[in-house]
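Containing mmCIF, C-alpha atoms: data_3.cif.
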```
data_coords
#
loop_
_atom_site.label_atom_id
_atom_site.label_comp_id
_atom_site.auth_asym_id
_atom_site.auth_seq_id
_atom_site.Cartn_x
_atom_site.Cartn_y
_atom_site.Cartn_z
CA MET Q 1 0.00 0.00 0.00
CA ASN Q 2 1.15 3.53 -0.75
CA ALA Q 3 2.25 5.31 2.43
CA ILE Q 4 0.65 8.65 1.48
CA ILE Q 5 -2.64 9.90 0.07
CA SER Q 6 -3.43 13.24 -1.58
CA ALA Q 7 -6.19 15.58 -0.44
CA SER Q 8 -8.21 14.92 -3.59
CA GLU Q 9 -7.88 11.16 -3.15
CA LEU Q 10 -8.97 11.44 0.48
CA ALA Q 11 -12.02 13.52 -0.48
CA SER Q 12 -13.02 10.83 -2.96
CA GLU Q 13 -12.60 8.04 -0.42
CA LEU Q 14 -14.51 9.91 2.28
CA ALA Q 15 -17.41 10.32 -0.14
CA GLY Q 16 -17.43 6.60 -0.93
CA GLY Q 17 -19.35 3.79 0.68
CA THR Q 18 -16.54 2.65 3.01
CA PRO Q 19 -14.64 5.75 4.10
CA PRO Q 20 -11.35 5.30 5.97
CA VAL Q 21 -10.99 5.87 9.69
CA LEU Q 22 -9.54 9.38 9.95
CA LEU Q 23 -7.19 10.43 12.75
CA ASP Q 24 -6.33 14.05 13.56
CA VAL Q 25 -2.91 14.09 15.25
CA ARG Q 26 -2.17 17.81 15.50
CA TRP Q 27 0.82 18.41 17.78
CA GLN Q 28 3.69 20.85 18.26
CA LEU Q 29 6.97 20.17 20.04
CA GLY Q 30 6.80 22.23 23.21
CA GLY Q 31 3.57 23.82 22.05
CA PRO Q 32 0.00 23.72 23.33
CA PRO Q 33 -2.06 20.53 22.97
CA GLY Q 34 -3.69 20.06 19.58
CA ARG Q 35 -7.16 19.20 20.85
CA PRO Q 36 -8.44 22.83 21.01
CA GLU Q 37 -7.49 23.24 17.34
CA TYR Q 38 -9.28 19.99 16.54
CA GLU Q 39 -12.39 21.18 18.39
CA ALA Q 40 -12.33 24.47 16.47
CA GLY Q 41 -12.31 22.69 13.12
CA HIS Q 42 -11.24 19.36 11.63
CA ILE Q 43 -11.83 17.22 8.56
CA PRO Q 44 -15.35 15.75 8.84
CA GLY Q 45 -15.28 12.36 10.50
CA ALA Q 46 -11.84 12.75 12.05
CA VAL Q 47 -11.11 11.58 15.61
CA TYR Q 48 -8.47 13.36 17.68
CA VAL Q 49 -5.48 11.38 18.97
CA ALA Q 50 -2.99 12.91 21.42
CA LEU Q 51 0.63 12.20 20.53
CA ASP Q 52 2.12 12.80 23.99
CA THR Q 53 -0.28 10.49 25.86
CA GLU Q 54 -1.61 8.00 23.27
CA LEU Q 55 1.24 7.70 20.75
CA ALA Q 56 4.03 7.76 23.33
CA GLY Q 57 4.75 6.63 26.86
CA PRO Q 58 5.84 8.92 29.70
CA ALA Q 59 9.14 10.72 29.16
CA GLY Q 60 12.08 9.29 31.09
CA ALA Q 61 15.33 7.40 30.69
CA ALA Q 62 14.02 5.84 27.46
CA GLY Q 63 13.58 9.28 25.88
CA ARG Q 64 10.94 11.98 25.54
CA HIS Q 65 8.60 9.90 23.37
CA PRO Q 66 9.15 6.19 24.07
CA LEU Q 67 6.74 3.60 22.75
CA PRO Q 68 3.35 3.74 24.47
CA ALA Q 69 2.27 0.81 26.61
CA PRO Q 70 0.48 -1.68 24.32
CA GLU Q 71 -2.73 -1.43 26.35
CA VAL Q 72 -2.72 2.39 26.07
CA PHE Q 73 -2.21 2.34 22.31
CA THR Q 74 -4.74 -0.43 21.87
CA ALA Q 75 -7.37 1.49 23.84
CA ALA Q 76 -6.73 4.70 21.88
CA MET Q 77 -6.99 3.01 18.50
CA ARG Q 78 -10.10 1.06 19.46
CA ALA Q 79 -11.71 4.27 20.74
CA ALA Q 80 -10.92 5.87 17.38
CA GLY Q 81 -12.86 3.09 15.64
CA ILE Q 82 -9.96 1.09 14.22
CA SER Q 83 -10.45 -2.63 13.62
CA LYS Q 84 -8.11 -5.14 12.04
CA ASP Q 85 -9.57 -4.57 8.57
CA SER Q 86 -9.88 -0.77 8.78
CA GLU Q 87 -8.39 1.56 6.21
CA VAL Q 88 -6.80 4.40 8.18
CA VAL Q 89 -5.67 7.90 7.16
CA VAL Q 90 -3.77 10.17 9.54
CA TYR Q 91 -3.07 13.88 9.29
CA ASP Q 92 -1.73 16.77 11.33
CA GLY Q 93 -1.62 20.53 10.99
CA ALA Q 94 1.60 21.20 9.19
CA GLN Q 95 4.90 19.31 9.08
CA GLY Q 96 3.52 15.80 8.97
CA TRP Q 97 5.78 14.66 11.81
CA ALA Q 98 2.99 13.76 14.22
CA ALA Q 99 0.95 12.07 11.49
CA ALA Q 100 4.01 10.05 10.52
CA ARG Q 101 4.46 8.99 14.14
CA ALA Q 102 0.89 7.63 14.13
CA TRP Q 103 1.49 5.96 10.75
CA TRP Q 104 4.70 4.38 12.01
CA LEU Q 105 3.14 3.14 15.26
CA LEU Q 106 0.22 1.55 13.47
CA ARG Q 107 2.57 -0.14 11.00
CA TRP Q 108 4.86 -1.26 13.85
CA ALA Q 109 1.80 -2.66 15.64
CA GLY Q 110 0.94 -4.80 12.62
CA HIS Q 111 -1.71 -2.62 10.94
CA GLU Q 112 -0.67 -2.26 7.30
CA SER Q 113 -3.63 -0.31 5.89
CA VAL Q 114 -2.60 3.19 6.98
CA ARG Q 115 -1.61 6.28 5.00
CA VAL Q 116 -0.58 9.85 5.77
CA LEU Q 117 -2.44 12.79 4.20
CA ASP Q 118 0.30 14.40 2.12
CA GLY Q 119 0.59 18.03 3.15
CA GLY Q 120 -1.77 17.61 6.09
CA LEU Q 121 -4.61 19.93 6.92
CA ALA Q 122 -3.11 22.74 4.83
CA ALA Q 123 -3.31 20.56 1.71
CA TRP Q 124 -6.91 19.63 2.54
CA ARG Q 125 -7.92 23.28 2.83
CA ALA Q 126 -5.97 24.29 -0.27
CA ALA Q 127 -7.94 21.67 -2.21
CA GLY Q 128 -11.20 23.21 -1.04
CA GLY Q 129 -11.89 20.71 1.72
CA GLU Q 130 -14.36 21.70 4.41
CA LEU Q 131 -13.85 21.63 8.18
CA THR Q 132 -16.33 20.93 10.93
CA ALA Q 133 -16.43 21.32 14.70
CA GLU Q 134 -18.78 18.36 15.04
CA GLU Q 135 -17.18 15.32 16.65
CA PRO Q 136 -18.19 12.01 15.08
CA ALA Q 137 -19.99 9.21 16.86
CA VAL Q 138 -17.52 6.34 16.82
CA GLU Q 139 -18.20 2.62 16.88
CA PRO Q 140 -15.30 1.14 18.91
CA GLY Q 141 -12.98 -1.10 16.96
CA ASP Q 142 -11.23 -4.37 17.77
CA PHE Q 143 -7.67 -3.20 17.07
CA THR Q 144 -4.94 -5.24 18.78
CA VAL Q 145 -1.22 -4.52 18.92
CA ALA Q 146 0.94 -7.14 17.21
CA PRO Q 147 4.49 -5.73 17.55
CA GLY Q 148 7.09 -6.24 14.87
CA GLY Q 149 5.44 -4.83 11.77
CA LEU Q 150 8.33 -2.37 11.40
CA PRO Q 151 11.84 -2.75 12.85
CA VAL Q 152 13.12 -0.83 15.86
CA LEU Q 153 16.57 -0.16 17.29
CA ASP Q 154 17.78 0.31 20.83
CA ALA Q 155 20.83 2.44 21.67
CA ASP Q 156 23.37 -0.36 21.25
CA GLU Q 157 21.81 -1.47 17.96
CA ALA Q 158 21.84 2.11 16.66
CA ALA Q 159 25.53 2.45 17.50
CA ALA Q 160 26.32 -0.84 15.77
CA LEU Q 161 24.31 0.09 12.70
CA ALA Q 162 26.20 3.39 12.39
CA ARG Q 163 29.38 1.31 12.05
CA ARG Q 164 28.19 -1.37 9.64
CA GLY Q 165 25.32 0.26 7.73
CA VAL Q 166 23.62 3.63 7.37
CA LEU Q 167 22.29 5.53 10.40
CA LEU Q 168 20.56 8.78 9.47
CA ASP Q 169 20.20 11.69 11.90
CA ALA Q 170 16.93 13.45 11.01
CA ARG Q 171 17.49 16.55 13.17
CA ALA Q 172 18.50 19.96 11.85
CA GLY Q 173 22.10 20.13 10.68
CA GLU Q 174 23.21 22.51 13.40
CA ARG Q 175 22.01 20.08 16.08
CA TYR Q 176 23.77 17.19 14.36
CA ARG Q 177 27.02 19.19 14.23
CA GLY Q 178 26.69 20.11 17.91
CA GLU Q 179 26.51 23.85 17.27
CA VAL Q 180 23.25 24.18 19.23
CA GLU Q 181 21.14 21.91 21.41
CA PRO Q 182 17.89 23.55 22.56
CA ILE Q 183 16.36 20.52 24.28
CA ASP Q 184 18.71 17.71 25.26
CA PRO Q 185 21.60 17.76 27.75
CA VAL Q 186 24.42 17.16 25.26
CA ALA Q 187 25.02 18.53 21.75
CA GLY Q 188 26.27 16.40 18.87
CA HIS Q 189 25.39 13.12 17.22
CA ILE Q 190 25.87 9.36 17.42
CA PRO Q 191 29.35 8.54 16.05
CA GLY Q 192 29.11 7.36 12.45
CA ALA Q 193 25.62 8.77 11.85
CA ARG Q 194 24.97 10.79 8.70
CA SER Q 195 23.12 14.10 8.70
CA ALA Q 196 19.79 13.93 6.84
CA PRO Q 197 17.42 16.66 8.12
CA THR Q 198 13.78 15.63 7.84
CA ASN Q 199 12.63 19.03 6.60
CA GLU Q 200 14.61 18.53 3.38
CA ASN Q 201 12.21 15.74 2.39
CA ALA Q 202 9.32 18.15 1.84
CA THR Q 203 8.52 20.93 -0.60
CA ALA Q 204 7.61 24.50 0.37
CA ASP Q 205 3.92 23.57 0.68
CA GLY Q 206 4.64 20.75 3.11
CA THR Q 207 4.04 17.86 0.73
CA LEU Q 208 6.71 15.21 0.25
CA ARG Q 209 9.07 15.58 -2.66
CA PRO Q 210 8.46 13.14 -5.53
CA ALA Q 211 9.60 9.56 -4.94
CA ALA Q 212 12.39 9.81 -7.52
CA GLU Q 213 13.82 12.94 -5.86
CA LEU Q 214 13.65 11.30 -2.44
CA ALA Q 215 15.37 8.18 -3.75
CA GLU Q 216 18.15 10.32 -5.25
CA ARG Q 217 18.58 12.22 -1.99
CA PHE Q 218 18.78 9.08 0.12
CA ALA Q 219 21.04 7.28 -2.35
CA ALA Q 220 23.57 10.09 -1.98
CA LEU Q 221 23.60 9.28 1.74
CA GLY Q 222 24.05 5.57 1.13
CA ALA Q 223 20.42 4.75 1.94
CA VAL Q 224 19.42 2.48 -0.92
CA PRO Q 225 16.91 -0.41 -0.97
CA ASP Q 226 19.50 -3.13 -0.28
CA ALA Q 227 21.31 -1.23 2.49
CA GLU Q 228 20.69 -1.65 6.22
CA VAL Q 229 19.22 1.72 7.22
CA GLY Q 230 18.19 3.21 10.55
CA VAL Q 231 16.93 6.64 11.56
CA TYR Q 232 16.88 8.70 14.74
CA CYS Q 233 16.01 12.28 15.65
CA GLY Q 234 15.47 14.08 18.94
CA SER Q 235 12.74 11.84 20.35
CA GLY Q 236 11.44 9.53 17.64
CA VAL Q 237 8.88 11.85 16.01
CA SER Q 238 10.55 13.61 13.08
CA ALA Q 239 12.49 10.39 12.43
CA ALA Q 240 9.16 8.67 11.77
CA HIS Q 241 8.57 11.23 9.02
CA GLU Q 242 11.98 10.40 7.56
CA ILE Q 243 11.04 6.71 7.58
CA LEU Q 244 7.82 7.65 5.77
CA ALA Q 245 9.87 9.49 3.12
CA LEU Q 246 12.22 6.52 2.85
CA ALA Q 247 9.21 4.23 2.37
CA VAL Q 248 7.95 6.43 -0.46
CA ALA Q 249 11.44 6.17 -1.97
CA GLY Q 250 11.35 2.37 -1.65
CA VAL Q 251 13.90 2.12 1.16
CA PRO Q 252 12.95 0.20 4.33
CA ALA Q 253 14.40 1.57 7.57
CA ALA Q 254 14.41 0.92 11.31
CA LEU Q 255 13.57 3.55 13.93
CA TYR Q 256 15.69 4.22 16.99
CA VAL Q 257 12.71 5.24 19.10
CA GLY Q 258 14.64 6.66 22.05
CA SER Q 259 16.71 8.77 19.67
CA TRP Q 260 19.01 11.56 20.88
CA SER Q 261 16.89 12.22 23.97
CA GLU Q 262 17.74 8.73 25.21
CA TRP Q 263 21.28 8.55 23.85
CA SER Q 264 22.39 11.87 25.37
CA SER Q 265 20.91 11.05 28.79
CA ASP Q 266 23.67 8.48 29.41
CA PRO Q 267 27.08 10.18 29.93
CA SER Q 268 28.87 6.91 29.11
CA ARG Q 269 27.72 7.00 25.49
CA PRO Q 270 30.12 8.58 22.99
CA VAL Q 271 29.20 11.83 21.24
CA ALA Q 272 30.56 13.17 17.95
CA THR Q 273 30.45 16.80 16.80
CA GLY Q 274 31.17 18.66 13.60
CA ALA Q 275 30.45 17.66 10.04
CA GLU Q 276 30.65 14.09 8.82
CA ALA Q 277 34.06 12.64 8.13
CA GLY Q 278 34.76 12.07 4.47
#
```
Do you think you could lay out the structure here as structure tokens?
Amino acid sequence: MNAIISASELASELAGGTPPVLLDVRWQLGGPPGRPEYEAGHIPGAVYVALDTELAGPAGAAGRHPLPAPEVFTAAMRAAGISKDSEVVVYDGAQGWAAARAWWLLRWAGHESVRVLDGGLAAWRAAGGELTAEEPAVEPGDFTVAPGGLPVLDADEAAALARRGVLLDARAGERYRGEVEPIDPVAGHIPGARSAPTNENATADGTLRPAAELAERFAALGAVPDAEVGVYCGSGVSAAHEILALAVAGVPAALYVGSWSEWSSDPSRPVATGAEAG
């Protein structure tokens, strides 16, 4: 299944006889909760899902956005109306990072029929899509977590992959180089990782670049279909968007969920700074 869907395609599917389950995952790093925005206006039929409490566990030693407890994620997806045979579409307000986190979690949990609205809510509105403040009545689903649908890395596995394969750092270049670190306790990157900022995967309007352009970009970084590829970011959110872009380009990749927020919390782990060697 294609990992993304356009606004026009979504409008057509929503008007059909079996519309997809639609999740609104608006979220901002360090910003206010997205639910008030959802309540003010969302795509008709969409159900709000909170990234910090339903798509992640409590922040701690495992990072700012560790995997949610299976029972928490199961309950949230069932409450949203997702069953094992549901077609699901997820969207957020802008960057697509939060929507990609929901897409990745559903895929990791064994649910293959999920796509991200390319360009998010902005693309929907630009295509003439309407919004509503009415919350839908939802028939609970029978969704069940079956881990392993997508690969994950822990800290040791990420370090090993950086030595033998391709580990991409999806954060901004200045954070990778260690020039600034606005959130985590240490600046820099995992030794051997390659800088690949997530925001370079999208066009000015927030939609993903064409698959051929993405494939060319990732190939220049060594991330090709037959390579062993992993991705991390600050806390496992923007990296999910990079994995989405890699999927569109035809390159499977593993997610280091704890990402830099976990790695940098342990002073025994090595840290590299500056631009990539070579």
Would you list the contacts of Val88 in chain Q as an mmCIF file with C-alpha atoms, keeping the file's coordinate frame, taking every protein, DNA or RNA residue within 9 Å and counting all atoms listed in the file, but skipping same-chain residues closer than 4 positions in sequence?
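Final output, saved to part.cif:
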```cif
data_model
loop_
_atom_site.group_PDB
_atom_site.id
_atom_site.type_symbol
_atom_site.label_atom_id
_atom_site.label_comp_id
_atom_site.auth_asym_id
_atom_site.auth_seq_id
_atom_site.Cartn_x
_atom_site.Cartn_y
_atom_site.Cartn_z
ATOM 1 C CA PRO Q 19 -14.640 5.750 4.100
ATOM 2 C CA PRO Q 20 -11.350 5.300 5.970
ATOM 3 C CA VAL Q 21 -10.990 5.870 9.690
ATOM 4 C CA LEU Q 22 -9.540 9.380 9.950
ATOM 5 C CA LEU Q 23 -7.190 10.430 12.750
ATOM 6 C CA ILE Q 82 -9.960 1.090 14.220
ATOM 7 C CA TRP Q 103 1.490 5.960 10.750
ATOM 8 C CA SER Q 113 -3.630 -0.310 5.890
ATOM 9 C CA VAL Q 114 -2.600 3.190 6.980
ATOM 10 C CA ARG Q 115 -1.610 6.280 5.000
ATOM 11 C CA VAL Q 116 -0.580 9.850 5.770
#
```
Compile the contact shell of Gly236 in chain Q as a ChimeraX atom specification: residues with an atom at most 9 Å away, counting only C-alpha atoms, same-chain residues fewer than 5 positions apart removed. /Q:63-66,101,231,255-261
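For the file shown, the residue list from the PyMOL selection byres ((chain Q and resi 2) around 8) reads Met1, Ala3, Ile4, Ile5, Arg115 and Val248 of chain Q.
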Of the candidates Q:Gly165, Q:Pro136, Q:Gly178, Q:Gly149, which one gets nearest to Ala223 in chain Q if we count only C-alpha atoms? Q:Gly165
So the first atom is CA of Trp27 in chain Q and the second is CA of Gly45 in chain Q; what is the distance between them in Å, to one decimal place? 18.7 Å
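Here CA of Ala170 in chain Q is placed at a distance of 4.9 Å from CA of Cys233 in chain Q.
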Could you write out as lines of an AutoDock Vina configuration file the box around range 203-216 of chain Q (axis-aligned, all atoms listed in the file, 8 Å on each side), with centre and edge lengths in Å to one decimal?
```
center_x = 11.0
center_y = 16.3
center_z = -2.2
size_x = 30.2
size_y = 32.3
size_z = 26.6
```
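Around Glu135 in chain Q, within 8 Å and counting all atoms listed in the file, the residues found are Glu39, Gly45, Ala46 and Val47 of chain Q, once anything fewer than 3 positions away on its own chain is removed.
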